[in-house]
Amino acid sequence: MPSDHYFTPAPDSKLRLQQVTVHLGGQAREVTTANSVFSPDHIDTGTKVLLENTPAPPPGGDFLDLGCGWGPISFHLALASPRATIWAVDVNERALDLVRLNAEKLGLTNITAVTPDQVPSHVQFRTIWSNPPIRVGKNELHNLLSSWLPRLEPDSDAWLVVQRNLGSDSLQRWLDGELPHDFAVSRFAISKGFRVLRVKRHGDPTL
């Protein structure tokens, strides 16, 4: 079994770059991916479900792509909302290098690709989009989501895509019980065995 996973911070495997054509922002675009990142050959099905079933993002603000991989969600958000600042966050340095490379190739100047500790603690997010790294394990996943989702601005939404057979329903129940009372969790869409979960933070904290 390979020692490198897509959530390995600094993959040891020899870098092998490849060019892939993907559909983003209504047209075909060529991007560079590599080994030891998540879904290097194409935009994975879960991410496609998220992009195809989630409303357009707000026109501006700080956006979070949590567990960005090589960057398809970040690129989608940056193309849709050029006035926004997209924080592309991942522990995998190789993935972050690819986000920077592709952002430059695509002419996207509003993406900041960083590790979690490099996001300033005062930043709150107008929206959060994520195909979360389920395979890191339940405890690590719960820690990840309970750390980042409370940084959602009031009157804002987070959108998560999770495969049904990898625990989307149990994750929804956990989020509903774990998040503060001004959050509401609902199932927004179902497609191709995936659930898109909407995490809404209300504007009135008494709700």
# chains A, B, ... in the order shown; residues from 1 in each chain; ligands from 1
>>> residues_around(residues="Pro57 of chain A", least_positions_apart="2", cutoff="10 Å", atoms="only C-alpha atoms", output="list in words")
Thr54, Pro55, Pro59, Gly60, Gly61, Phe63, His76, Leu77, Ala78, Ala80, Ser81, Ala84, Arg126, Thr127, Ile128, Trp129 and Asp157 of chain A
>>> write_last_selection(atoms="N, CA and C atoms", output="PDB file, in the first residue's frame")
ATOM      1  N   THR A  54     -25.421  23.237  -6.221  1.00  0.00           N
ATOM      2  CA  THR A  54     -25.332  24.281  -5.207  1.00  0.00           C
ATOM      3  C   THR A  54     -25.607  25.632  -5.846  1.00  0.00           C
ATOM      4  N   PRO A  55     -26.380  26.505  -5.201  1.00  0.00           N
ATOM      5  CA  PRO A  55     -26.647  27.819  -5.780  1.00  0.00           C
ATOM      6  C   PRO A  55     -25.360  28.617  -6.005  1.00  0.00           C
ATOM      7  N   PRO A  59     -21.531  37.407  -4.425  1.00  0.00           N
ATOM      8  CA  PRO A  59     -20.638  38.125  -5.340  1.00  0.00           C
ATOM      9  C   PRO A  59     -19.280  38.478  -4.750  1.00  0.00           C
ATOM     10  N   GLY A  60     -19.188  38.535  -3.429  1.00  0.00           N
ATOM     11  CA  GLY A  60     -17.911  38.900  -2.822  1.00  0.00           C
ATOM     12  C   GLY A  60     -17.813  38.422  -1.393  1.00  0.00           C
ATOM     13  N   GLY A  61     -16.672  38.682  -0.770  1.00  0.00           N
ATOM     14  CA  GLY A  61     -16.407  38.256   0.595  1.00  0.00           C
ATOM     15  C   GLY A  61     -15.268  37.258   0.641  1.00  0.00           C
ATOM     16  N   PHE A  63     -14.257  33.496   0.971  1.00  0.00           N
ATOM     17  CA  PHE A  63     -14.810  32.161   0.786  1.00  0.00           C
ATOM     18  C   PHE A  63     -13.775  31.137   1.228  1.00  0.00           C
ATOM     19  N   HIS A  76     -13.871  27.085  -9.479  1.00  0.00           N
ATOM     20  CA  HIS A  76     -15.292  27.353  -9.724  1.00  0.00           C
ATOM     21  C   HIS A  76     -15.731  28.630  -8.998  1.00  0.00           C
ATOM     22  N   LEU A  77     -15.369  28.733  -7.726  1.00  0.00           N
ATOM     23  CA  LEU A  77     -15.764  29.899  -6.936  1.00  0.00           C
ATOM     24  C   LEU A  77     -15.105  31.177  -7.458  1.00  0.00           C
ATOM     25  N   ALA A  78     -13.828  31.092  -7.805  1.00  0.00           N
ATOM     26  CA  ALA A  78     -13.101  32.268  -8.287  1.00  0.00           C
ATOM     27  C   ALA A  78     -13.652  32.763  -9.617  1.00  0.00           C
ATOM     28  N   ALA A  80     -16.788  32.267 -10.659  1.00  0.00           N
ATOM     29  CA  ALA A  80     -18.159  32.741 -10.437  1.00  0.00           C
ATOM     30  C   ALA A  80     -18.206  34.066  -9.694  1.00  0.00           C
ATOM     31  N   SER A  81     -17.234  34.299  -8.807  1.00  0.00           N
ATOM     32  CA  SER A  81     -17.234  35.497  -7.954  1.00  0.00           C
ATOM     33  C   SER A  81     -15.855  36.150  -7.984  1.00  0.00           C
ATOM     34  N   ALA A  84     -14.521  38.085  -4.962  1.00  0.00           N
ATOM     35  CA  ALA A  84     -14.333  37.385  -3.685  1.00  0.00           C
ATOM     36  C   ALA A  84     -12.869  37.012  -3.492  1.00  0.00           C
ATOM     37  N   ARG A 126     -17.889  34.173   4.129  1.00  0.00           N
ATOM     38  CA  ARG A 126     -19.214  34.443   3.560  1.00  0.00           C
ATOM     39  C   ARG A 126     -19.855  33.153   3.071  1.00  0.00           C
ATOM     40  N   THR A 127     -19.040  32.213   2.675  1.00  0.00           N
ATOM     41  CA  THR A 127     -19.521  30.876   2.331  1.00  0.00           C
ATOM     42  C   THR A 127     -18.378  29.886   2.485  1.00  0.00           C
ATOM     43  N   ILE A 128     -18.724  28.640   2.767  1.00  0.00           N
ATOM     44  CA  ILE A 128     -17.758  27.549   2.861  1.00  0.00           C
ATOM     45  C   ILE A 128     -18.250  26.428   1.957  1.00  0.00           C
ATOM     46  N   TRP A 129     -17.375  25.954   1.085  1.00  0.00           N
ATOM     47  CA  TRP A 129     -17.687  24.807   0.226  1.00  0.00           C
ATOM     48  C   TRP A 129     -16.657  23.723   0.508  1.00  0.00           C
ATOM     49  N   ASP A 157     -24.126  30.487   4.307  1.00  0.00           N
ATOM     50  CA  ASP A 157     -24.296  29.051   4.134  1.00  0.00           C
ATOM     51  C   ASP A 157     -22.964  28.359   3.891  1.00  0.00           C
TER      52      ASP A 157
END
>>> residues_around(residues="Gly203 of chain A", least_positions_apart="3", cutoff="8 Å", atoms="only C-alpha atoms", output="mmCIF file with N, CA, C and O atoms, in the first residue's frame")
data_model
loop_
_atom_site.group_PDB
_atom_site.id
_atom_site.type_symbol
_atom_site.label_atom_id
_atom_site.label_comp_id
_atom_site.auth_asym_id
_atom_site.auth_seq_id
_atom_site.Cartn_x
_atom_site.Cartn_y
_atom_site.Cartn_z
ATOM 1 N N PRO A 154 -22.646 35.218 10.029
ATOM 2 C CA PRO A 154 -24.108 35.134 10.180
ATOM 3 C C PRO A 154 -24.803 35.358 8.838
ATOM 4 O O PRO A 154 -24.315 36.078 7.969
ATOM 5 N N ASP A 155 -25.955 34.743 8.677
ATOM 6 C CA ASP A 155 -26.731 34.824 7.435
ATOM 7 C C ASP A 155 -25.973 34.268 6.243
ATOM 8 O O ASP A 155 -26.061 34.821 5.137
ATOM 9 N N SER A 156 -25.224 33.225 6.462
ATOM 10 C CA SER A 156 -24.417 32.623 5.398
ATOM 11 C C SER A 156 -24.590 31.108 5.402
ATOM 12 O O SER A 156 -25.101 30.528 6.362
ATOM 13 N N ASP A 182 -27.456 28.576 16.549
ATOM 14 C CA ASP A 182 -27.795 29.456 15.434
ATOM 15 C C ASP A 182 -27.465 28.827 14.083
ATOM 16 O O ASP A 182 -27.553 29.495 13.046
#
>>> residues_around(residues="segment 188-190 of chain A", least_positions_apart="4", cutoff="12 Å", atoms="only C-alpha atoms", output="number ranges by chain")
A: 46, 49-55, 157-164, 168-169, 172, 184, 194-200
>>> atom_distance(atom1="atom CA of Pro132 of chain A", atom2="atom CA of Gly67 of chain A")
6.1 Å
>>> closest_residue(among="A:Ser121, A:Leu108, A:Asp176, A:Thr47", to="Trp148 of chain A", atoms="only C-alpha atoms")
A:Ser121
>>> residues_around(residues="Val99 of chain A", least_positions_apart="5", cutoff="10 Å", atoms="only C-alpha atoms", output="MDAnalysis selection string")
chainID A and resid 31:33 68:72 74:75 88:89 93:94 104:105 111:114
>>> select_by_dssp(residues="chain A", states="alpha helix (DSSP H)", output="PyMOL selection string")
chain A and resi 45-53+72-80+93-106+138-148+168-178
>>> closest_residue(among="A:Glu30, A:Leu171, A:Phe183, A:Gln18", to="Ile134 of chain A", atoms="only C-alpha atoms")
A:Leu171
>>> residues_around(residues="Leu144 of chain A", least_positions_apart="5", cutoff="10 Å", atoms="only C-alpha atoms", output="PyMOL selection string")
chain A and resi 66-67+116+132-133+138-139+149
>>> write_last_selection(atoms="all heavy atoms", output="mmCIF file, in the first residue's frame")
data_model
loop_
_atom_site.group_PDB
_atom_site.id
_atom_site.type_symbol
_atom_site.label_atom_id
_atom_site.label_comp_id
_atom_site.auth_asym_id
_atom_site.auth_seq_id
_atom_site.Cartn_x
_atom_site.Cartn_y
_atom_site.Cartn_z
ATOM 1 N N LEU A 66 -12.528 24.106 1.816
ATOM 2 C CA LEU A 66 -11.882 23.315 2.866
ATOM 3 C C LEU A 66 -11.518 21.937 2.334
ATOM 4 O O LEU A 66 -12.387 21.157 1.958
ATOM 5 C CB LEU A 66 -12.832 23.195 4.060
ATOM 6 C CG LEU A 66 -12.333 22.435 5.280
ATOM 7 C CD1 LEU A 66 -11.073 23.072 5.859
ATOM 8 C CD2 LEU A 66 -13.427 22.359 6.346
ATOM 9 N N GLY A 67 -10.194 21.645 2.313
ATOM 10 C CA GLY A 67 -9.702 20.415 1.714
ATOM 11 C C GLY A 67 -9.706 20.539 0.201
ATOM 12 O O GLY A 67 -10.310 19.737 -0.509
ATOM 13 N N PRO A 116 -3.888 25.120 6.829
ATOM 14 C CA PRO A 116 -4.872 25.637 7.784
ATOM 15 C C PRO A 116 -4.320 26.687 8.742
ATOM 16 O O PRO A 116 -5.012 27.679 9.046
ATOM 17 C CB PRO A 116 -5.322 24.372 8.535
ATOM 18 C CG PRO A 116 -5.136 23.276 7.541
ATOM 19 C CD PRO A 116 -3.899 23.637 6.770
ATOM 20 N N PRO A 132 -15.401 17.154 1.943
ATOM 21 C CA PRO A 132 -14.485 16.911 3.062
ATOM 22 C C PRO A 132 -13.771 15.566 2.970
ATOM 23 O O PRO A 132 -14.291 14.607 2.404
ATOM 24 C CB PRO A 132 -15.402 16.979 4.293
ATOM 25 C CG PRO A 132 -16.767 16.692 3.771
ATOM 26 C CD PRO A 132 -16.805 17.214 2.374
ATOM 27 N N PRO A 133 -12.573 15.490 3.532
ATOM 28 C CA PRO A 133 -11.754 14.269 3.450
ATOM 29 C C PRO A 133 -12.242 13.188 4.411
ATOM 30 O O PRO A 133 -11.670 12.977 5.482
ATOM 31 C CB PRO A 133 -10.355 14.772 3.813
ATOM 32 C CG PRO A 133 -10.613 15.911 4.752
ATOM 33 C CD PRO A 133 -11.873 16.578 4.241
ATOM 34 N N LYS A 138 -13.240 9.426 11.382
ATOM 35 C CA LYS A 138 -14.358 10.189 11.945
ATOM 36 C C LYS A 138 -13.909 11.272 12.916
ATOM 37 O O LYS A 138 -14.372 12.416 12.848
ATOM 38 C CB LYS A 138 -15.331 9.234 12.652
ATOM 39 C CG LYS A 138 -16.557 9.918 13.226
ATOM 40 C CD LYS A 138 -17.463 8.953 13.963
ATOM 41 C CE LYS A 138 -18.114 7.971 13.012
ATOM 42 N NZ LYS A 138 -19.120 7.131 13.714
ATOM 43 N N ASN A 139 -12.992 10.946 13.835
ATOM 44 C CA ASN A 139 -12.578 11.940 14.831
ATOM 45 C C ASN A 139 -11.897 13.137 14.185
ATOM 46 O O ASN A 139 -12.185 14.295 14.526
ATOM 47 C CB ASN A 139 -11.642 11.299 15.858
ATOM 48 C CG ASN A 139 -12.360 10.326 16.774
ATOM 49 O OD1 ASN A 139 -13.584 10.368 16.907
ATOM 50 N ND2 ASN A 139 -11.615 9.434 17.400
ATOM 51 N N LEU A 149 -16.503 25.335 10.551
ATOM 52 C CA LEU A 149 -17.877 25.774 10.298
ATOM 53 C C LEU A 149 -18.324 26.930 11.206
ATOM 54 O O LEU A 149 -19.048 27.823 10.746
ATOM 55 C CB LEU A 149 -18.846 24.588 10.416
ATOM 56 C CG LEU A 149 -18.738 23.553 9.290
ATOM 57 C CD1 LEU A 149 -19.667 22.374 9.562
ATOM 58 C CD2 LEU A 149 -19.043 24.172 7.934
#
>>> select_by_dssp(residues="chain A", states="strand (DSSP E)", output="PyMOL selection string")
chain A and resi 17-24+27-34+60-66+83-89+111-114+125-130+152-163+183-191+194-201
>>> atom_distance(atom1="atom CA of Arg151 of chain A", atom2="atom CA of Leu106 of chain A")
28.6 Å
>>> atom_distance(atom1="atom CA of Ala34 of chain A", atom2="atom CA of Asn102 of chain A")
11.8 Å
>>> residues_around(residues="Asp62 of chain A", least_positions_apart="2", cutoff="10 Å", atoms="only C-alpha atoms", output="compact mmCIF listing (two decimals) with C-alpha atoms, in the first residue's frame")
# COMPACT_ATOMS: atom_id res chain seq x y z
CA PRO A 58 -22.27 35.42 -3.20
CA GLY A 60 -17.91 38.90 -2.82
CA LEU A 64 -13.36 28.91 2.13
CA ARG A 83 -14.54 40.02 -6.42
CA ALA A 84 -14.33 37.38 -3.69
CA THR A 85 -11.21 36.15 -1.90
CA ILE A 86 -10.99 32.38 -2.09
CA TRP A 87 -9.05 30.66 0.70
CA ASN A 110 -8.31 35.99 -6.15
CA VAL A 123 -11.16 35.80 9.05
CA GLN A 124 -14.81 34.74 8.84
CA PHE A 125 -16.31 33.30 5.70
CA ARG A 126 -19.21 34.44 3.56
CA THR A 127 -19.52 30.88 2.33
CA ILE A 128 -17.76 27.55 2.86
CA LEU A 152 -19.14 31.08 8.90
CA GLU A 153 -20.54 34.61 8.93
